[in-house]
Amino acid sequence: MKYNIMKFPLLTFASLGALALSSVTTNAQTAVTGALGYYTFDLPAGASMWTCGLVTKSDFSGAMTSMTGASPNSTINQTGAGWTPAGFSNHYVEIREGAWEGLILDIVSNGADSVVVAGDLGASGFNLAGTEKYLIRKHATLGTIFPSGGGFAPDSDSITLYTTGTGSTYQYADGFGWFDTDLLVLAQDTPVYPGQGMVFNIGSITTVTIGGNEVSTVKDTKTLIPLYSGAVNVVGLVNPLVTTDVSDPIYPSTVPLGMMGFTSVLAPSSESVNEFSSDGLLSLVDNYQSSDAPPSGVMFSTISFTDKSLHPIQIGKALVLTIGSTDKYYSAPVLLP
Amino acid sequence: MKKRQFKYLFAAYCFSMGSLHAAVSISVNTTAATGPNGAARYVSSSGANLALGNLVRVGYFPSFGGSPDAGQEAILTGSDFSAIDSLFTPLGSENAAAGTGSGTITIVNPAFSSQTNGVRGSLTNVDAGGAVPLSTQLYLWVFNAESTGAADEWAIFTSSNSLWSVTTALTSPSLTSDNITVSYSSAGKLDGAMTVDGNFRLAPIPEPSVPLFGLVGAMVFAFRRRR
């Protein structure tokens, strides 16, 4: 089975990382042109879980002039920005520093020098200082991650996105684009948030292409991924698949479970991570929890009761997190080589 | 165009017939002081640690409706094992492959825990969303012996925390003692489930013959007075 073939026609992976780093310098209030990158990999027949390892380019990068926090929406003021009013449709703000670094906030509307985001950034909410650095990006969507279907069989193969317990399922229709199979409405602009996992359901072995147009930028910053109580939290790292060679020391194809940052978010010996197989069967590989003691901070298997901190998780693979009654955020680390 | 719309409708209908679900696991833990219950363990009515190999059953009971569920509470706080057991759907127990899940619950497994007398283990192959319906509230039935017949104490625990229920088809419940909010035993229903020493105590099972004889005696006495 073939996985992890990464193709960047214009630049190598390393140079892409360098380009992305250069795009987030302080107060660089201009749009950044991303490199065209995409990757392909073979999916087995059946169900498997994956994340999109790429994001869109940054349309703005800078530090807030000021901020007005309120519920349900807050306003970020950017003196002299000169944006096109209502030009940030289906965009989001990404906080770049402070306690909420990596937080993703949907943009509700924008004026020439201000942007309204969903969420209370004030003292009763995220309690931002109002001077944080941030980025504005366009959402990666089903239509931009998988242009022309991305290799999914039209009217047959599907993608399920979860924000609740049941999720929403989408299929691609030739000549129409992605549509919601329950609502029977077009869903081309349905956002796929950074780190949000997708469940692919494939009829036969398929080569899937992720990115290549708008969604072609390597994300070089950590990401806060919301986790909801009682929901299927399918999440993963925002890293592109890079190599088929598991022994490649520079561009590894896996990441140790212990390096994924779960120990700092999951309640020890209580909340857990489910790893399902990627062979199409979606069978449970293992269930992992953070140890309470001793040794603390270890990711262990609740089935074999052995230390699984070094267990390799394939880059690009999504996992399912089960949390308790309180919503929280998982801080997905950056694992660029 | 109409043909095409019908095609999409049909495709959506077909897809909705096969909703996605997978076999998940249920873990059972006795945690250290990380939650509201602190470092609580399961102990006998006298406060003694449970012995290695004591029986722990994982499963669920039907709801009789109402909040609180008076009908369910009346049975779970009773002492008639058969009555409780007949309502209980086991997913697993200390005995592997009992119920619809499989696995082992081990008493006194110190692995990755500061709780040296804790209950730790897991069940696998739990068909969440299939054989086990979603929104199923899970219960931990703890005994002070290796079998139900040999036990003379038990208690049934559950929690309002979502980790103690089968919420979705892809997530794994975790029955962690830290989150227990309710216990049932012959001592009654305890909201909060804590006892004075901070552990989860089992309760003695009253001899069924005692109340039964009392009831019969009272009936005979009442009958004779009427005559």
# chains A, B, ... in the order shown; residues from 1 in each chain; ligands from 1
call {"tool": "residues_around", "arguments": {"residues": "A:Thr75", "least_positions_apart": "5", "cutoff": "6 Å", "atoms": "only C-alpha atoms", "output": "MDAnalysis selection string"}}
result
chainID A and resid 67:68 115:116
call {"tool": "closest_atom_pairs", "arguments": {"of": "chain A", "to": "chain B", "cutoff": "7 Å", "atoms": "only C-alpha atoms", "output": "JSON lines"}}
result
{"residue": "A:Asp155", "atom": "CA", "partner": "B:Ala11", "partner_atom": "CA", "distance": 6.8}
{"residue": "A:Gly165", "atom": "CA", "partner": "B:Thr168", "partner_atom": "CA", "distance": 5.3}
{"residue": "A:Thr181", "atom": "CA", "partner": "B:Ala12", "partner_atom": "CA", "distance": 4.9}
{"residue": "A:Asp182", "atom": "CA", "partner": "B:Ala12", "partner_atom": "CA", "distance": 6.5}
{"residue": "A:Gly230", "atom": "CA", "partner": "B:Thr167", "partner_atom": "CA", "distance": 5.6}
{"residue": "A:Ala231", "atom": "CA", "partner": "B:Thr168", "partner_atom": "CA", "distance": 6.7}
{"residue": "A:Val232", "atom": "CA", "partner": "B:Thr171", "partner_atom": "CA", "distance": 6.4}
{"residue": "A:Ser269", "atom": "CA", "partner": "B:Thr31", "partner_atom": "CA", "distance": 6.2}
{"residue": "A:Ser270", "atom": "CA", "partner": "B:Thr176", "partner_atom": "CA", "distance": 5.7}
{"residue": "A:Glu271", "atom": "CA", "partner": "B:Ser174", "partner_atom": "CA", "distance": 6.8}
{"residue": "A:Asn274", "atom": "CA", "partner": "B:Thr171", "partner_atom": "CA", "distance": 6.9}
{"residue": "A:Leu282", "atom": "CA", "partner": "B:Ala22", "partner_atom": "CA", "distance": 6.6}
{"residue": "A:Ser283", "atom": "CA", "partner": "B:Ala22", "partner_atom": "CA", "distance": 6.4}
{"residue": "A:Leu284", "atom": "CA", "partner": "B:Val24", "partner_atom": "CA", "distance": 6.1}
{"residue": "A:Ser291", "atom": "CA", "partner": "B:Phe112", "partner_atom": "CA", "distance": 5.2}
{"residue": "A:Asp292", "atom": "CA", "partner": "B:Ser113", "partner_atom": "CA", "distance": 5.6}
{"residue": "A:Ala293", "atom": "CA", "partner": "B:Ser113", "partner_atom": "CA", "distance": 4.8}
{"residue": "A:Pro294", "atom": "CA", "partner": "B:Phe112", "partner_atom": "CA", "distance": 5.6}
{"residue": "A:Pro295", "atom": "CA", "partner": "B:Phe112", "partner_atom": "CA", "distance": 6.5}
{"residue": "A:Thr302", "atom": "CA", "partner": "B:Ser122", "partner_atom": "CA", "distance": 6.2}
{"residue": "A:Ile303", "atom": "CA", "partner": "B:Ser122", "partner_atom": "CA", "distance": 5.7}
{"residue": "A:Phe305", "atom": "CA", "partner": "B:Ala111", "partner_atom": "CA", "distance": 6.4}
{"residue": "A:Val320", "atom": "CA", "partner": "B:Thr171", "partner_atom": "CA", "distance": 6.6}
{"residue": "A:Leu321", "atom": "CA", "partner": "B:Thr171", "partner_atom": "CA", "distance": 6.9}
{"residue": "A:Thr322", "atom": "CA", "partner": "B:Thr171", "partner_atom": "CA", "distance": 5.5}
{"residue": "A:Ile323", "atom": "CA", "partner": "B:Leu163", "partner_atom": "CA", "distance": 6.8}
{"residue": "A:Gly324", "atom": "CA", "partner": "B:Leu163", "partner_atom": "CA", "distance": 5.2}
{"residue": "A:Ser325", "atom": "CA", "partner": "B:Ser162", "partner_atom": "CA", "distance": 5.5}
call {"tool": "write_last_selection", "arguments": {"atoms": "C-alpha atoms", "output": "compact mmCIF listing (two decimals), in the first residue's frame"}}
result
# COMPACT_ATOMS: atom_id res chain seq x y z
CA ASP A 155 -21.72 10.38 -6.28
CA GLY A 165 -21.71 13.22 17.53
CA THR A 181 -25.80 14.25 1.33
CA ASP A 182 -28.37 14.98 4.05
CA GLY A 230 -19.93 14.38 23.62
CA ALA A 231 -18.70 14.93 20.07
CA VAL A 232 -16.49 12.92 17.75
CA SER A 269 -6.35 8.22 33.23
CA SER A 270 -9.68 9.58 32.11
CA GLU A 271 -9.85 11.29 28.72
CA ASN A 274 -8.58 6.41 19.91
CA LEU A 282 -11.54 1.51 10.79
CA SER A 283 -10.89 -1.02 13.52
CA LEU A 284 -9.61 0.15 16.88
CA SER A 291 -0.72 8.52 33.04
CA ASP A 292 -1.43 10.23 36.31
CA ALA A 293 1.61 8.72 38.08
CA PRO A 294 4.17 7.28 37.99
CA PRO A 295 5.76 7.97 35.57
CA THR A 302 -5.54 1.19 28.26
CA ILE A 303 -5.72 -2.21 26.60
CA PHE A 305 -1.17 -1.18 29.91
CA VAL A 320 -10.39 10.53 17.79
CA LEU A 321 -10.27 12.26 21.17
CA THR A 322 -12.81 11.51 23.90
CA ILE A 323 -13.12 14.23 26.50
CA GLY A 324 -15.28 14.74 29.56
CA SER A 325 -18.00 17.24 30.20
call {"tool": "closest_residue", "arguments": {"among": "A:Thr164, A:Thr223, A:Thr209, A:Asn233", "to": "A:Val334", "atoms": "only C-alpha atoms"}}
result
A:Thr223
call {"tool": "select_by_dssp", "arguments": {"residues": "stretch 138-291 of chain A", "states": "strand (DSSP E or B)", "output": "VMD selection string"}}
result
chain A and resid 138 141 158 to 161 168 to 173 177 to 180 186 191 196 to 202 206 to 211 215 to 217 223 to 227 233 to 235 254 to 256 272 to 276 280 to 281 284 to 290
call {"tool": "atom_distance", "arguments": {"atom1": "atom CA of A:Tyr162", "atom2": "atom CA of B:Val126"}}
result
20.8 Å
call {"tool": "residues_around", "arguments": {"residues": "A:Gly119", "least_positions_apart": "5", "cutoff": "9 Å", "atoms": "only C-alpha atoms", "output": "short mmCIF file (atom, residue, chain, number, x, y, z; two decimals) with all heavy atoms, in the first residue's frame"}}
result
data_model
loop_
_atom_site.label_atom_id
_atom_site.label_comp_id
_atom_site.auth_asym_id
_atom_site.auth_seq_id
_atom_site.Cartn_x
_atom_site.Cartn_y
_atom_site.Cartn_z
N GLY A 69 -13.67 43.43 22.98
CA GLY A 69 -14.24 42.12 23.24
C GLY A 69 -15.71 42.20 23.59
O GLY A 69 -16.12 43.12 24.32
N ALA A 70 -16.50 41.32 23.07
CA ALA A 70 -17.93 41.26 23.39
C ALA A 70 -18.43 39.87 23.02
O ALA A 70 -17.74 39.10 22.34
CB ALA A 70 -18.70 42.33 22.63
N SER A 71 -19.60 39.56 23.49
CA SER A 71 -20.22 38.28 23.16
C SER A 71 -21.48 38.52 22.33
O SER A 71 -22.26 39.41 22.67
CB SER A 71 -20.60 37.54 24.44
OG SER A 71 -21.22 36.32 24.15
N PRO A 72 -21.70 37.83 21.24
CA PRO A 72 -20.93 36.69 20.77
C PRO A 72 -19.76 37.06 19.86
O PRO A 72 -18.94 36.21 19.56
CB PRO A 72 -21.96 35.88 19.99
CG PRO A 72 -22.87 36.90 19.42
CD PRO A 72 -22.95 37.99 20.45
N ASN A 73 -19.69 38.33 19.41
CA ASN A 73 -18.65 38.70 18.46
C ASN A 73 -17.76 39.81 19.01
O ASN A 73 -18.21 40.65 19.79
CB ASN A 73 -19.28 39.17 17.14
CG ASN A 73 -20.12 38.09 16.49
OD1 ASN A 73 -19.80 36.91 16.56
ND2 ASN A 73 -21.22 38.49 15.85
N SER A 74 -16.51 39.80 18.60
CA SER A 74 -15.55 40.82 19.01
C SER A 74 -14.98 41.52 17.78
O SER A 74 -15.03 40.98 16.66
CB SER A 74 -14.42 40.19 19.82
OG SER A 74 -14.92 39.53 20.94
N LEU A 105 -10.36 31.88 14.83
CA LEU A 105 -11.61 32.62 15.03
C LEU A 105 -12.23 32.93 13.67
O LEU A 105 -11.60 33.59 12.83
CB LEU A 105 -11.33 33.93 15.78
CG LEU A 105 -10.68 33.79 17.17
CD1 LEU A 105 -10.00 35.09 17.56
CD2 LEU A 105 -11.73 33.39 18.19
N ASP A 106 -13.44 32.47 13.46
CA ASP A 106 -14.12 32.75 12.19
C ASP A 106 -14.39 34.25 12.05
O ASP A 106 -14.80 34.91 13.01
CB ASP A 106 -15.46 32.00 12.14
CG ASP A 106 -15.28 30.54 11.82
OD1 ASP A 106 -14.34 30.20 11.09
OD2 ASP A 106 -16.09 29.73 12.32
N GLY A 125 -14.08 36.34 28.17
CA GLY A 125 -13.87 35.29 27.20
C GLY A 125 -12.42 34.85 27.15
O GLY A 125 -11.87 34.41 28.15
N PHE A 126 -11.79 35.04 26.01
CA PHE A 126 -10.40 34.62 25.86
C PHE A 126 -9.42 35.59 26.55
O PHE A 126 -8.25 35.27 26.70
CB PHE A 126 -10.05 34.49 24.38
CG PHE A 126 -10.79 33.37 23.69
CD1 PHE A 126 -11.86 33.63 22.84
CD2 PHE A 126 -10.44 32.05 23.91
CE1 PHE A 126 -12.54 32.61 22.21
CE2 PHE A 126 -11.12 31.01 23.29
CZ PHE A 126 -12.18 31.28 22.45
#
call {"tool": "closest_residue", "arguments": {"among": "B:Ala128, B:Gln137, B:Ile84, B:Ile205", "to": "B:Gly71", "atoms": "only C-alpha atoms"}}
result
B:Ile84
call {"tool": "residues_around", "arguments": {"residues": "B:Val182", "least_positions_apart": "5", "cutoff": "12 Å", "atoms": "only C-alpha atoms", "output": "list in words"}}
result
Asn37, Pro68, Glu73, Leu76, Thr77, Leu138, Tyr139, Leu140, Ala155, Ile156, Phe157, Thr158, Ser159, Ser160, Asn161, Trp164, Ser177, Gly188, Lys189, Leu190, Asp191, Gly192, Ala193, Met194, Thr195, Phe200 and Arg201 of chain B
call {"tool": "atom_distance", "arguments": {"atom1": "atom CA of A:Phe176", "atom2": "atom CA of A:Tyr39"}}
result
23.8 Å
call {"tool": "residues_around", "arguments": {"residues": "A:Pro240", "least_positions_apart": "4", "cutoff": "7 Å", "atoms": "only C-alpha atoms", "output": "PDB file with N, CA, C and O atoms, in the first residue's frame"}}
result
ATOM      1  N   GLY A  53      -2.916  18.529   5.488  1.00  0.00           N
ATOM      2  CA  GLY A  53      -1.639  19.028   5.987  1.00  0.00           C
ATOM      3  C   GLY A  53      -1.254  20.390   5.480  1.00  0.00           C
ATOM      4  O   GLY A  53      -0.150  20.871   5.753  1.00  0.00           O
ATOM      5  N   LEU A  54      -2.128  21.039   4.744  1.00  0.00           N
ATOM      6  CA  LEU A  54      -1.816  22.338   4.163  1.00  0.00           C
ATOM      7  C   LEU A  54      -2.908  23.342   4.533  1.00  0.00           C
ATOM      8  O   LEU A  54      -4.026  22.962   4.853  1.00  0.00           O
ATOM      9  N   GLY A 316      -0.338  12.764   9.083  1.00  0.00           N
ATOM     10  CA  GLY A 316      -1.530  12.890   8.242  1.00  0.00           C
ATOM     11  C   GLY A 316      -2.695  12.075   8.754  1.00  0.00           C
ATOM     12  O   GLY A 316      -3.832  12.306   8.360  1.00  0.00           O
TER      13      GLY A 316
END
call {"tool": "closest_residue", "arguments": {"among": "A:Ala140, A:Ala112, A:Ala332, A:Met198", "to": "A:Gly82", "atoms": "only C-alpha atoms"}}
result
A:Ala112
